[in-house]
Structure formats: structure tokens, C-alpha cells
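Chemist: This is the structure I have questions about; it appears just below.
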Amino acid sequence: LEDKYLDNFTATQPVFTHINLSDTIQKIALPIFIQNRSCTSIDTFTVNVYPQSGIGNYQFLCPGFGAKLNPFGWGTQFTWSPNQFIDNVNSKNPIVNPDVSRWYFVSITDSVNCTYNDSVFVDVNPKIPIDLPNDTTICWGDSIGVGLKHIIENASFNWTPTVFASHPDSSFSYLFPNDTLLFYLTVTKDTCSSSDSIWVNVAPLPLVQILKDTTICLGDSITLVAQGALNYQWIN
């Protein structure tokens, strides 16, 4: 407990540190041991940690279309800057529509007067950044999870071929072809659309063979030989 929340568990005034990344209040109960000569008292001190507030660091914007900024947390007061191409600098979810890519900064204050400062890059781009991973190889019968580096809000997604994708209409999908296959992902938002592809090579399972069943005398030994794979693990 002391290593997780307190900088010094034996100090009279330790520093408590905890970042709440959930969307609910976390109650952290800390036991207190007070010793006076041979007597020891035990008490519990509870710290209510409110969720952290902020905003994701990336927002795509198709040129000519506004984008709504979506901070997270329990903020009640918001101040955005710069005051350019933004409809309301004190709104929780302002609409921005810059003509070129730029950063927006926000100061968020919650109901217990905690203040958080964060920023988001608004990418004004006619091409949606997809950037799928490099081509990969899986074993037959396995799957691989593939998704976008950035979250593209309010966009549509289409994986093809759909039959070998777990979520063909999502930004993230598990791909499980039964043979080597080229997958395409097309992302559309407003009038902007981009596609990318990834080869998923399917390697066949090794055909492992060992000697047939045999009999030896008590105290003798036999060398077992296997073939058909690169690495082996024998189990009694």
C-alpha cells in the first residue's frame, strides 16, 4: 500500500499520489498506525479521488466541416484557447473549424476545484490518416487484432473481405483468414475518405512426427527423435 500511494509510509506527513483514470470517484482507504511507547492505535483515513479531466491529443477534421471537441472527466468549467475558429471558448464541447491544422488548449476545473490543463491537435486534412501496421504472419487457426493509431470520431469503417473480420464496421477488428489474404480498411468522414491495406500471411501448422510406440527393458534408455518443426517441448 505504501509503495502505491504514499511517498513515505513512516512519515508524519506523507505525500499521497494517485491518478484516477476511471469515470467514477475512487475511494482509497489508508490504514494509519500510531505508536506511543508500547501502545499502538489503528485508524483508517479515506481519500476520495475524483476522475482526471482532459482531452485526447488528436482530432481529425475534414476541410470545410466543423469538429466538436470532446473532453473527458467531471469538468464543470472550461476555457479554450486560442480564441480563433471556435464558436465558444467556455463551452464543454465547442465546435472548431480552422482552415489549417492547429493546437487547441483547454483549462478544465471540476466540482471540487481541481484544475487540469490539456491540449488537442486538430488535423485539417483531406486524407484520413489510417496507417495500418506492416504486413504480418499468423499461424493457421490464429487471429490478429488490427486497428487505427488515432481515434477518428463520427466516421464509418469498412473492412473487406468482411467474412474474416470480427468487427467489419469498426476501427479495430480481429482478422482470422484461413489462407494468406489482403485486407482493406476504408474510413469515411463527411466528404473525406481513405483506404489502407495489410497482407495477413497464414503459415501452415507444422506436421510433427516422432518414433512409433516402443518397448525397452528396465534401466535401459532410448533416444527420441522428432521432426517437422523448429522448436520442441516434450511433456511426460
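In the C-alpha cells, chains take letters A, B, ... by order of appearance, with residues numbered from 1 within each chain and ligands from 1 in the order shown.
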Need to verify the contact set: Ser81 in chain A, 10 Å, only C-alpha atoms, exclusion of same-chain residues closer than 5 positions in sequence. Can you return it as a PyMOL selection string?
Modeler: chain A and resi 86+89-90+103-107+119
Chemist: For Thr186 in chain A, list every protein, DNA or RNA residue within 8 Å, evaluated using only C-alpha atoms, and leave out those in the same chain fewer than 4 positions away; present the list as a PyMOL selection string.
Modeler: chain A and resi 157-159+193-196
Chemist: Would you write out, as JSON lines, a table of all residues in range 45-143 of chain A that have an atom no more than 7 Å from an atom of range 203-212 of chain A, listing for each the closest atom pair and the distance in Å to one decimal, considering only C-alpha atoms and ordering rows by chain and rising residue number?
Modeler:
```
{"residue": "A:Thr137", "atom": "CA", "partner": "A:Ala203", "partner_atom": "CA", "distance": 6.8}
{"residue": "A:Ile138", "atom": "CA", "partner": "A:Ala203", "partner_atom": "CA", "distance": 6.1}
{"residue": "A:Cys139", "atom": "CA", "partner": "A:Ala203", "partner_atom": "CA", "distance": 4.8}
{"residue": "A:Trp140", "atom": "CA", "partner": "A:Pro204", "partner_atom": "CA", "distance": 5.4}
```
Chemist: Can you work out which one of A:Leu230, A:Leu69, A:Ile34, A:Ala155 has the shortest atom-to-atom distance to Ser170 in chain A, counting only C-alpha atoms?
Modeler: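 Result for the nearest residue to Ser170 in chain A: A:Ala155.
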Chemist: Please extract the residues of range 22-230 of chain A with a backbone DSSP assignment of strand (DSSP E or B) and present them as an NGL selection string.
Modeler: :A and (26-36 or 39-49 or 54 or 58-61 or 67-68 or 72 or 75-81 or 86 or 95-96 or 102-110 or 115-124 or 136-139 or 144-147 or 156-160 or 165 or 172-175 or 181-189 or 192-203 or 209-210 or 226-227)
